[in-house]
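Structure data follow from work.cif (mmCIF, C-alpha atoms):
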```cif
data_query
loop_
_atom_site.label_atom_id
_atom_site.label_comp_id
_atom_site.auth_asym_id
_atom_site.auth_seq_id
_atom_site.Cartn_x
_atom_site.Cartn_y
_atom_site.Cartn_z
CA MET A 1 17.90 45.36 16.62
CA ASP A 2 18.41 48.85 17.99
CA ILE A 3 15.48 51.17 18.48
CA PHE A 4 16.20 53.21 15.35
CA THR A 5 16.12 50.16 13.12
CA LEU A 6 12.90 49.13 14.83
CA PHE A 7 11.34 52.55 14.16
CA LEU A 8 12.50 52.37 10.58
CA TRP A 9 10.74 49.03 10.14
CA ILE A 10 7.55 50.19 11.85
CA GLY A 11 7.48 53.46 9.92
CA THR A 12 8.15 51.78 6.60
CA LEU A 13 5.52 49.09 7.17
CA LEU A 14 2.96 51.78 8.07
CA PHE A 15 3.97 53.68 4.94
CA LEU A 16 3.57 50.47 2.94
CA ILE A 17 0.08 49.83 4.33
CA ILE A 18 -1.08 53.39 3.65
CA SER A 19 0.44 53.20 0.19
CA PHE A 20 -1.39 49.93 -0.44
CA ILE A 21 -4.73 51.36 0.65
CA LYS A 22 -4.24 54.46 -1.47
CA ASN A 23 -2.99 52.80 -4.63
CA LYS A 24 -2.56 49.06 -5.02
CA LYS A 25 -0.92 49.22 -8.42
CA LYS A 26 1.64 51.83 -7.41
CA THR A 27 2.52 49.89 -4.27
CA LYS A 28 3.06 46.70 -6.24
CA HIS A 29 5.34 48.64 -8.56
CA ALA A 30 7.27 49.96 -5.58
CA LEU A 31 7.74 46.48 -4.14
CA LYS A 32 8.94 45.17 -7.48
CA MET A 33 11.34 48.09 -7.66
CA ALA A 34 12.62 47.38 -4.14
CA PHE A 35 13.14 43.74 -5.05
CA GLY A 36 15.01 44.71 -8.21
CA MET A 37 17.25 47.08 -6.24
CA GLY A 38 18.01 44.36 -3.71
CA LYS A 39 18.90 41.91 -6.44
CA GLY A 40 21.18 44.48 -8.02
CA MET A 41 23.12 45.25 -4.85
CA LEU A 42 23.10 41.91 -3.05
CA GLY A 43 26.17 40.46 -4.76
CA GLN A 44 28.28 43.51 -4.04
CA ILE A 45 27.19 43.83 -0.43
CA LEU A 46 27.93 40.15 0.15
CA SER A 47 31.39 40.62 -1.35
CA ILE A 48 31.99 43.54 1.01
CA ILE A 49 30.89 41.53 4.02
CA LEU A 50 33.05 38.53 3.17
CA LEU A 51 35.99 40.87 2.67
CA ILE A 52 35.44 42.45 6.09
CA GLY A 53 35.37 38.98 7.65
CA LEU A 54 38.64 38.22 5.94
CA ILE A 55 40.34 41.45 7.01
CA LEU A 56 39.24 41.10 10.63
CA THR A 57 40.75 37.61 10.64
CA LEU A 58 44.06 38.54 9.04
CA LEU A 59 44.43 41.83 10.93
CA PRO A 60 42.65 41.40 14.28
CA PRO A 61 41.82 44.83 15.77
CA GLN A 62 43.31 43.81 19.13
CA ASN A 63 46.70 43.27 17.50
CA ILE A 64 46.47 46.58 15.68
CA VAL A 65 45.77 48.34 18.97
CA LYS A 66 48.81 46.69 20.56
CA TYR A 67 50.96 47.66 17.62
CA VAL A 68 49.71 51.25 17.55
CA GLY A 69 50.47 51.62 21.26
CA SER A 70 54.17 51.12 20.65
CA GLN A 71 54.50 53.75 17.92
CA SER A 72 55.20 57.47 18.00
CA LEU A 73 52.16 59.73 18.08
CA ILE A 74 52.22 60.75 14.41
CA TRP A 75 52.68 57.18 13.18
CA ALA A 76 50.08 55.88 15.59
CA THR A 77 47.57 58.44 14.28
CA ILE A 78 48.21 57.62 10.65
CA ILE A 79 48.22 53.87 11.18
CA SER A 80 45.05 53.80 13.23
CA GLY A 81 43.36 56.23 10.81
CA ALA A 82 44.39 54.03 7.90
CA PHE A 83 43.23 50.88 9.63
CA GLY A 84 39.89 52.55 10.24
CA THR A 85 39.49 53.22 6.53
CA ILE A 86 39.95 49.60 5.53
CA THR A 87 37.05 48.14 7.27
CA LEU A 88 33.71 48.67 8.92
CA ILE A 89 33.68 47.69 12.58
CA PRO A 90 30.46 47.82 14.60
CA ALA A 91 30.38 50.40 17.38
CA PHE A 92 30.01 47.83 20.15
CA ILE A 93 33.41 46.39 19.26
CA ALA A 94 35.09 49.68 18.34
CA PHE A 95 34.30 51.69 21.48
CA PRO A 96 35.50 49.20 24.09
CA LEU A 97 38.61 48.78 21.98
CA VAL A 98 39.27 52.50 21.85
CA GLY A 99 38.39 52.71 25.54
CA THR A 100 41.17 50.27 26.44
CA LEU A 101 43.49 52.16 24.14
CA VAL A 102 42.88 55.42 26.02
CA GLU A 103 42.98 53.77 29.45
CA ALA A 104 46.34 52.22 28.61
CA GLY A 105 47.69 55.75 28.60
CA ILE A 106 47.96 56.12 24.84
CA SER A 107 47.11 59.54 23.47
CA ILE A 108 43.53 60.00 22.32
CA VAL A 109 44.65 61.39 18.97
CA PRO A 110 45.05 57.99 17.27
CA ALA A 111 41.89 56.78 18.96
CA VAL A 112 39.87 59.62 17.48
CA ALA A 113 41.41 59.16 14.03
CA PHE A 114 40.44 55.52 14.16
CA LEU A 115 36.89 56.19 15.32
CA THR A 116 36.17 58.74 12.63
CA THR A 117 37.67 56.95 9.64
CA LEU A 118 36.13 53.71 10.82
CA THR A 119 32.68 54.51 9.62
CA MET A 120 33.10 57.43 7.24
CA VAL A 121 35.88 56.25 4.95
CA GLY A 122 35.52 52.89 3.31
CA ILE A 123 38.00 51.03 1.18
CA VAL A 124 35.89 47.89 1.24
CA THR A 125 32.80 49.81 0.18
CA PHE A 126 34.73 51.66 -2.52
CA PRO A 127 33.61 49.48 -5.48
CA LEU A 128 29.97 49.77 -4.44
CA GLU A 129 30.17 53.52 -3.86
CA LYS A 130 31.90 53.91 -7.21
CA SER A 131 29.18 52.07 -9.09
CA GLU A 132 26.54 54.22 -7.38
CA PHE A 133 28.10 57.68 -7.54
CA GLY A 134 30.99 57.46 -9.98
CA LEU A 135 34.75 57.32 -9.48
CA LYS A 136 35.44 61.02 -8.98
CA PHE A 137 32.78 61.51 -6.32
CA THR A 138 33.95 58.44 -4.41
CA ILE A 139 37.61 59.43 -4.43
CA ILE A 140 36.93 63.01 -3.38
CA ARG A 141 34.47 62.10 -0.63
CA ASN A 142 36.69 59.43 0.86
CA SER A 143 39.93 61.40 0.74
CA LEU A 144 38.36 64.55 2.18
CA SER A 145 36.79 62.45 4.94
CA PHE A 146 40.19 60.94 5.73
CA ILE A 147 41.96 64.30 5.83
CA PHE A 148 39.31 65.79 8.07
CA ALA A 149 39.35 62.75 10.34
CA ILE A 150 43.05 63.37 10.97
CA ILE A 151 42.40 67.09 11.53
CA ILE A 152 39.61 66.32 14.01
CA ALA A 153 41.93 63.93 15.82
CA LEU A 154 44.70 66.53 16.08
CA ILE A 155 42.34 69.25 17.32
CA MET A 156 40.95 66.89 19.95
CA GLY A 157 44.46 66.13 21.06
CA VAL A 158 44.89 69.84 21.80
CA ILE A 159 41.51 70.44 23.43
CA ILE A 160 41.22 67.38 25.68
CA MET B 1 33.10 35.01 -24.19
CA ILE B 2 29.94 35.26 -22.09
CA ILE B 3 31.67 33.57 -19.16
CA LEU B 4 34.57 36.00 -19.43
CA LYS B 5 32.20 38.95 -19.46
CA LYS B 6 30.36 37.59 -16.43
CA LEU B 7 33.65 37.15 -14.60
CA ARG B 8 34.65 40.69 -15.46
CA ASN B 9 31.37 42.14 -14.20
CA ASN B 10 31.73 40.27 -10.92
CA LEU B 11 35.47 40.74 -10.58
CA PHE B 12 35.26 41.86 -6.96
CA PHE B 13 33.27 38.82 -5.92
CA VAL B 14 35.49 36.41 -7.85
CA LEU B 15 38.60 37.89 -6.23
CA ILE B 16 37.23 37.47 -2.74
CA PHE B 17 36.09 33.95 -3.54
CA ILE B 18 39.63 33.07 -4.65
CA LEU B 19 41.09 34.66 -1.49
CA TYR B 20 38.83 32.49 0.63
CA ILE B 21 39.81 29.34 -1.25
CA ILE B 22 43.50 30.13 -0.73
CA LEU B 23 42.91 30.77 2.96
CA PHE B 24 40.98 27.53 3.36
CA ILE B 25 43.72 25.53 1.70
CA TYR B 26 46.59 26.97 3.74
CA LYS B 27 44.96 28.01 7.00
CA TYR B 28 41.72 26.14 7.37
CA ASN B 29 41.00 27.49 10.87
CA MET B 30 41.47 31.07 9.78
CA GLY B 31 39.04 30.50 6.94
CA ILE B 32 36.43 29.34 9.42
CA THR B 33 37.10 32.38 11.64
CA ALA B 34 36.74 34.69 8.65
CA LEU B 35 33.36 33.19 7.79
CA LYS B 36 32.29 33.45 11.42
CA ASN B 37 33.36 37.10 11.49
CA SER B 38 31.21 37.71 8.42
CA VAL B 39 28.09 36.31 10.08
CA TYR B 40 27.59 39.42 12.24
CA TYR B 41 27.67 41.64 9.16
CA ILE B 42 25.35 39.36 7.21
CA ARG B 43 22.83 39.60 10.03
CA GLU B 44 23.20 43.37 10.10
CA MET B 45 22.59 43.49 6.35
CA LEU B 46 19.51 41.25 6.51
CA ILE B 47 18.02 43.38 9.29
CA ILE B 48 18.52 46.71 7.57
CA MET B 49 18.61 46.32 3.80
CA PRO B 50 15.07 45.02 3.05
CA VAL B 51 13.54 47.95 4.89
CA ILE B 52 15.90 50.39 3.16
CA PHE B 53 14.97 49.10 -0.30
CA ILE B 54 11.24 49.19 0.43
CA LEU B 55 11.47 52.68 1.91
CA THR B 56 13.54 53.95 -1.03
CA ALA B 57 11.04 52.56 -3.55
CA LEU B 58 8.04 53.94 -1.65
CA LEU B 59 9.61 57.40 -1.35
CA ASP B 60 10.50 57.21 -5.03
CA MET B 61 6.84 56.51 -5.84
CA TRP B 62 5.14 59.00 -3.53
CA VAL B 63 7.42 61.98 -2.97
CA PRO B 64 7.25 64.29 -5.98
CA LYS B 65 10.40 65.67 -7.52
CA GLU B 66 9.46 69.25 -6.68
CA LYS B 67 9.39 68.49 -2.96
CA ILE B 68 12.87 66.95 -2.93
CA LEU B 69 14.18 69.80 -5.05
CA LYS B 70 12.63 72.34 -2.69
CA TYR B 71 13.87 70.80 0.57
CA LEU B 72 17.19 69.22 -0.43
CA GLY B 73 18.08 70.94 -3.70
CA LYS B 74 20.63 73.67 -4.31
CA GLU B 75 18.17 76.40 -3.40
CA ALA B 76 17.25 74.81 -0.08
CA GLY B 77 20.25 76.51 1.60
CA GLN B 78 20.70 76.20 5.34
CA LYS B 79 17.39 74.46 5.83
CA GLY B 80 18.52 71.81 3.36
CA ILE B 81 21.77 71.33 5.26
CA LEU B 82 19.96 70.97 8.57
CA LEU B 83 17.47 68.52 7.09
CA SER B 84 20.31 66.46 5.60
CA PHE B 85 22.03 66.24 8.99
CA ILE B 86 18.79 65.14 10.62
CA LEU B 87 18.10 62.55 7.91
CA GLY B 88 21.59 61.08 8.28
CA SER B 89 21.58 61.10 12.10
CA VAL B 90 18.26 59.39 12.71
CA SER B 91 19.05 56.69 10.19
CA ALA B 92 20.08 53.14 10.93
CA GLY B 93 22.55 50.77 9.41
CA PRO B 94 26.03 50.96 7.90
CA ILE B 95 27.05 53.54 5.30
CA TYR B 96 26.19 51.36 2.30
CA ALA B 97 22.55 51.41 3.45
CA ALA B 98 22.60 55.11 2.59
CA PHE B 99 23.58 54.52 -1.03
CA PRO B 100 20.18 53.55 -2.52
CA ILE B 101 18.41 56.34 -0.62
CA CYS B 102 20.98 58.91 -1.71
CA THR B 103 20.90 57.97 -5.40
CA MET B 104 17.11 58.20 -5.30
CA LEU B 105 17.22 61.63 -3.63
CA TYR B 106 19.81 62.83 -6.12
CA ARG B 107 17.76 61.69 -9.11
CA LYS B 108 14.89 63.71 -7.69
CA GLY B 109 16.89 66.90 -7.30
CA ALA B 110 18.88 66.80 -4.05
CA SER B 111 22.15 68.74 -4.30
CA ILE B 112 25.59 67.12 -4.19
CA ARG B 113 26.42 68.96 -0.99
CA ASN B 114 23.38 67.61 0.80
CA LEU B 115 24.17 64.17 -0.57
CA VAL B 116 27.61 64.27 1.07
CA ILE B 117 26.09 65.50 4.34
CA ILE B 118 23.56 62.67 4.43
CA LEU B 119 26.19 60.04 3.61
CA SER B 120 28.71 61.32 6.15
CA SER B 121 26.31 61.89 9.01
CA TRP B 122 24.76 58.51 8.25
CA ALA B 123 28.21 57.07 8.84
CA VAL B 124 29.46 58.94 11.91
CA ILE B 125 26.87 60.79 13.90
CA LYS B 126 24.27 58.19 14.63
CA ILE B 127 22.60 58.54 18.01
CA PRO B 128 23.02 54.91 19.25
CA MET B 129 26.70 55.25 18.38
CA LEU B 130 27.03 58.51 20.33
CA LEU B 131 25.48 56.89 23.41
CA ASN B 132 27.96 54.04 23.17
CA GLU B 133 30.79 56.53 22.82
CA MET B 134 29.68 58.41 25.92
CA LYS B 135 29.61 55.17 27.91
CA PHE B 136 33.14 54.16 27.02
CA LEU B 137 34.93 57.47 26.55
CA GLY B 138 32.96 59.93 28.62
CA PRO B 139 30.54 62.75 27.78
CA LYS B 140 33.19 65.40 27.19
CA PHE B 141 34.99 63.28 24.60
CA MET B 142 31.72 62.47 22.85
CA ILE B 143 30.43 66.05 22.69
CA VAL B 144 33.71 67.53 21.47
CA ARG B 145 34.13 64.86 18.80
CA TRP B 146 30.50 65.27 17.75
CA LEU B 147 30.81 69.07 17.37
CA LEU B 148 34.10 68.80 15.48
CA THR B 149 32.66 66.16 13.18
CA ILE B 150 29.66 68.30 12.32
CA MET B 151 31.93 71.25 11.55
CA ALA B 152 34.16 69.04 9.43
CA ILE B 153 31.19 67.71 7.45
CA ILE B 154 29.90 71.23 6.84
CA ILE B 155 33.29 72.24 5.45
CA PHE B 156 34.12 69.21 3.33
CA SER B 157 30.61 68.84 1.91
CA TRP B 158 31.02 72.41 0.65
CA LEU B 159 34.43 71.51 -0.78
CA THR B 160 33.07 68.39 -2.47
CA ALA B 161 30.27 70.37 -4.10
CA LYS B 162 32.89 72.81 -5.41
CA ILE B 163 34.91 70.00 -6.98
CA ILE B 164 32.20 67.60 -8.11
CA LYS B 165 29.66 68.72 -10.67
CA ASP B 166 26.50 66.99 -11.82
CA LYS B 167 28.26 65.63 -14.88
CA ASP B 168 30.66 63.69 -12.64
CA LEU B 169 27.86 61.48 -11.42
CA PRO B 170 27.25 59.73 -14.72
CA ASN B 171 25.50 56.68 -13.41
CA ILE B 172 22.55 58.59 -12.17
CA LYS B 173 20.48 60.13 -14.90
CA LYS B 174 19.01 63.43 -13.92
CA ILE B 175 16.83 64.65 -16.72
CA GLU B 176 15.05 67.94 -16.47
CA SER B 177 11.98 66.71 -18.35
CA GLY B 178 11.46 64.40 -15.41
CA LEU B 179 12.18 61.09 -17.06
CA SER B 180 14.49 58.94 -15.00
CA LEU B 181 15.72 55.40 -14.82
CA ASN B 182 16.68 53.62 -11.64
CA LYS B 183 19.84 51.80 -12.58
CA ASN B 184 19.84 49.78 -9.37
CA ALA B 185 16.45 48.33 -10.11
CA CYS B 186 17.09 47.63 -13.82
CA ILE B 187 17.55 43.94 -14.53
CA GLY B 188 18.72 44.47 -18.11
CA CYS B 189 15.75 42.80 -19.83
CA LYS B 190 15.87 45.27 -22.77
CA LEU B 191 12.06 45.54 -23.02
CA CYS B 192 12.21 49.33 -22.83
CA ILE B 193 14.65 49.38 -25.74
CA LYS B 194 12.32 47.25 -27.80
CA LYS B 195 9.46 49.61 -27.00
CA TYR B 196 11.29 52.91 -27.50
CA PRO B 197 14.77 52.49 -29.00
CA GLU B 198 15.10 56.25 -29.61
CA ILE B 199 15.21 56.92 -25.89
CA PHE B 200 16.60 53.80 -24.24
CA ASP B 201 19.80 51.93 -24.83
CA MET B 202 22.05 49.46 -23.02
CA LYS B 203 25.34 50.08 -21.27
CA ASN B 204 27.06 47.56 -18.96
CA LYS B 205 24.02 45.30 -18.94
CA LYS B 206 21.80 48.10 -17.69
CA ALA B 207 19.42 50.31 -19.61
CA TYR B 208 20.05 54.03 -19.69
CA ILE B 209 18.34 57.08 -21.09
CA LYS B 210 19.99 58.51 -24.15
CA LYS B 211 20.55 62.22 -24.30
CA LEU B 212 17.44 63.85 -25.65
CA SER B 213 17.87 66.76 -27.97
CA GLU B 214 15.84 69.73 -26.89
CA ASN B 215 13.35 69.89 -29.70
CA GLU B 216 12.90 66.17 -30.02
CA ASP B 217 9.28 65.30 -29.35
CA ILE B 218 8.68 62.46 -26.96
CA ASP B 219 6.04 60.01 -28.07
CA ILE B 220 4.07 59.78 -24.84
CA ILE B 221 2.21 56.63 -25.85
CA LYS B 222 5.41 54.80 -26.71
CA LEU B 223 7.07 56.08 -23.57
CA ASN B 224 4.20 55.01 -21.34
CA GLU B 225 4.31 51.60 -22.95
CA ALA B 226 8.01 51.30 -22.17
CA ILE B 227 7.34 52.40 -18.58
CA ASP B 228 4.52 49.88 -18.18
CA PHE B 229 6.49 47.05 -19.73
CA CYS B 230 9.47 47.42 -17.42
CA PRO B 231 9.13 44.39 -15.13
CA VAL B 232 10.81 46.08 -12.18
CA LYS B 233 9.28 49.51 -12.76
CA ALA B 234 12.65 51.17 -12.94
CA ILE B 235 11.49 53.95 -15.27
CA THR B 236 9.63 56.88 -13.83
CA LYS B 237 8.61 60.23 -15.24
#
```
Write-out of the structure in structure tokens:
Amino acid sequence: MDIFTLFLWIGTLLFLIISFIKNKKKTKHALKMAFGMGKGMLGQILSIILLIGLILTLLPPQNIVKYVGSQSLIWATIISGAFGTITLIPAFIAFPLVGTLVEAGISIVPAVAFLTTLTMVGIVTFPLEKSEFGLKFTIIRNSLSFIFAIIIALIMGVII
Amino acid sequence: MIILKKLRNNLFFVLIFILYIILFIYKYNMGITALKNSVYYIREMLIIMPVIFILTALLDMWVPKEKILKYLGKEAGQKGILLSFILGSVSAGPIYAAFPICTMLYRKGASIRNLVIILSSWAVIKIPMLLNEMKFLGPKFMIVRWLLTIMAIIIFSWLTAKIIKDKDLPNIKKIESGLSLNKNACIGCKLCIKKYPEIFDMKNKKAYIKKLSENEDIDIIKLNEAIDFCPVKAITK
């Protein structure tokens, strides 16, 4: 558990205790509401997680990195950006991976595209985002994030 | 018929289940690896989601609409943008952890632009992630990418708010009178509809608030009854 998650837990538990002291009935309502929300989202989150497990098995990131390394710059950027959109990869796996990519002498442009789309654009989370915010919002947010991830990558290629 | 409907509502899950079965039949070892790969994410979910749901519900209960509207609404301006960046950056967990919080904030008056800022910064500019990035790719790389990302979010959140209007977010009821229904919490028991059929109705197994005409008087006693009867307290006013 990283320190931010820990703080979140401590803060929320303190909040819960204060809430309970101030108003028992309201707090019980809140807990029921939280439980209901969890029940509503659990199935979809589980589906997302199982899908990520599947994708990481069928398309191991190490292989993608190898493949990207042998492509031209433009293709490498688009492929690594696109791979980043498919799945959610935790930072502790992603950064060493990108680190080896850069050390191997491959341009940082694809690396940056990958890093940015990795967390911000989500094809696996698309159904969940859609049911929360609607189709139009989800499409616009994800496509703009993708476009800007590529732009950021290109600008970084020029600066660094 | 009921089975078909259930299958349709859980189409995503059913599809993934079938994919796993196929994988297990043809490539048993890969199936095991896929499940093992999922374990990390399941742990991550179990660590973060309970606290997110409790926090969302508590904030929903205690923070009045006016406050959210004032600090994160359309009128909040630059302060609202800054606050959204801070909220997203100090958060924990993957992007889907931001969804319940964001729908709650939106129902209470946060603007679409600030919603996009919270979601995006929740995803990319988390502090533990930045530290990791600095370790592996160096401080210069991290700072430049961080600055560019913030600029990008400022621009595309503005663009999103230009394209997306309140009516495009149909699943979240935002009613000026203050009545709102938390679709995520609703378990579809229909008690509210029994209590006050003029206001509540069902859609996709969830209750929703029907459009109220302006001069329609709300029967407060009936409404309060509906609110009290909801077993998951999804209705608030």
ask   = Interatomic distance between atom CA of Asn23 of chain A and atom CA of Ile86 of chain B?
value =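 Computing it gives 29.3 Å between the two atoms.
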request  = Choose the residue, out of A:Gln44, A:Ser70, A:Thr57, A:Ser145, that has the smallest atom-to-atom separation from Leu15 of chain B; count all atoms listed in the file.
outcome  =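 Closest to Leu15 of chain B, using all atoms listed in the file: A:Gln44.
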Could you list, as a PDB file with C-alpha atoms, in the coordinates of the input, every residue of chain B that has an atom within 6 Å of an atom of chain A, counting only C-alpha atoms?
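Just written: out.pdb:
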```
ATOM      1  CA  PHE B  13      33.270  38.820  -5.920  1.00  0.00           C
ATOM      2  CA  ALA B  34      36.740  34.690   8.650  1.00  0.00           C
ATOM      3  CA  ASN B  37      33.360  37.100  11.490  1.00  0.00           C
ATOM      4  CA  SER B  38      31.210  37.710   8.420  1.00  0.00           C
ATOM      5  CA  PHE B  53      14.970  49.100  -0.300  1.00  0.00           C
ATOM      6  CA  ILE B  54      11.240  49.190   0.430  1.00  0.00           C
ATOM      7  CA  LEU B  55      11.470  52.680   1.910  1.00  0.00           C
ATOM      8  CA  ALA B  57      11.040  52.560  -3.550  1.00  0.00           C
ATOM      9  CA  LEU B  58       8.040  53.940  -1.650  1.00  0.00           C
ATOM     10  CA  ALA B  92      20.080  53.140  10.930  1.00  0.00           C
ATOM     11  CA  SER B 120      28.710  61.320   6.150  1.00  0.00           C
ATOM     12  CA  ALA B 123      28.210  57.070   8.840  1.00  0.00           C
ATOM     13  CA  VAL B 124      29.460  58.940  11.910  1.00  0.00           C
ATOM     14  CA  PHE B 136      33.140  54.160  27.020  1.00  0.00           C
ATOM     15  CA  LEU B 137      34.930  57.470  26.550  1.00  0.00           C
ATOM     16  CA  LEU B 169      27.860  61.480 -11.420  1.00  0.00           C
ATOM     17  CA  ASN B 184      19.840  49.780  -9.370  1.00  0.00           C
ATOM     18  CA  ALA B 185      16.450  48.330 -10.110  1.00  0.00           C
ATOM     19  CA  VAL B 232      10.810  46.080 -12.180  1.00  0.00           C
ATOM     20  CA  LYS B 233       9.280  49.510 -12.760  1.00  0.00           C
TER      21      LYS B 233
END
```
ask   = Looking at all atoms listed in the file, which of A:Gly157, A:Gly105, A:Pro110, A:Gly84 is the one that sits closest to Val124 of chain A?
value =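 Using all atoms listed in the file, the shortest distance to Val124 of chain A belongs to A:Gly84.
Here atom CA of Ile2 of chain B and atom CA of Lys210 of chain B stand 25.4 Å from one another.
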query = Could you state the separation of atom CA of Lys167 of chain B and atom CA of Met151 of chain B in Å, given to one decimal place?
reply =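 Pair atom CA of Lys167 of chain B / atom CA of Met151 of chain B returns 27.3 Å.
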key: Exercise: Ile150 of chain B partners within 9 Å, only C-alpha atoms, chain neighbours under 6 positions left out, as a VMD selection string   = chain B and resid 85 121 125
Expected selection from the PyMOL selection byres ((chain B and resi 159) around 12), given as a list in words = Phe137, Ile140, Arg141, Ser143, Leu144, Ser145 and Phe148 of chain A; Ile112, Arg113, Asn114, Val116, Ile117, Ala152, Ile153, Ile154, Ile155, Phe156, Ser157, Trp158, Thr160, Ala161, Lys162, Ile163, Ile164 and Lys165 of chain B
key: Selection: 7 Å around Cys186 of chain B, only C-alpha atoms, excl. self and same-chain fewer than 3 positions, as a PyMOL selection string   = (chain A and resi 36) or (chain B and resi 182-183+206-207+232+234)
ask   = So which one's closest to Ser180 of chain B, B:Ile209, B:Ile22, B:Ile118, B:Leu105? Using all atoms listed in the file, please.
value = B:Ile209
request  = Could you tell me which of B:Leu46, B:Leu223, B:Ala110, B:Ile52 comes closest to Lys74 of chain B if we count all atoms listed in the file?
outcome  =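 Among the listed residues, B:Ala110 lies closest to Lys74 of chain B.
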ask   = Using only C-alpha atoms, which of the listed residues (A:Ile21, A:Leu14, A:Val158, A:Leu59) sits closest to Thr33 of chain B?
value =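 Of A:Ile21, A:Leu14, A:Val158, A:Leu59, the one nearest Thr33 of chain B is A:Leu59, counting only C-alpha atoms.
The residues caught by the PyMOL selection byres ((chain B and resi 226) around 10) in this file are B:Lys190, B:Leu191, B:Cys192, B:Ile193, B:Lys194, B:Lys195, B:Tyr196, B:Pro197, B:Ile199, B:Phe200, B:Ile220, B:Ile221, B:Lys222, B:Leu223, B:Asn224, B:Glu225, B:Ile227, B:Asp228, B:Phe229, B:Cys230, B:Pro231, B:Lys233, B:Ile235.
Remark: residues at most 10 Å from position (14.4, 65.4, -8.5) in file coordinates are Asp60, Val63, Pro64, Lys65, Glu66, Lys67, Ile68, Leu69, Lys70, Leu72, Gly73, Met104, Leu105, Tyr106, Arg107, Lys108, Gly109, Ala110, Ser111, Lys174, Ile175, Glu176, Gly178, Leu179 and Ser180 of chain B, using all atoms listed in the file.
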inquiry  = Restricting the calculation to only C-alpha atoms: of B:Lys5, B:Phe141, B:Ala97, B:Tyr20, which residue gets closest to Lys205 of chain B?
reply    = B:Lys5
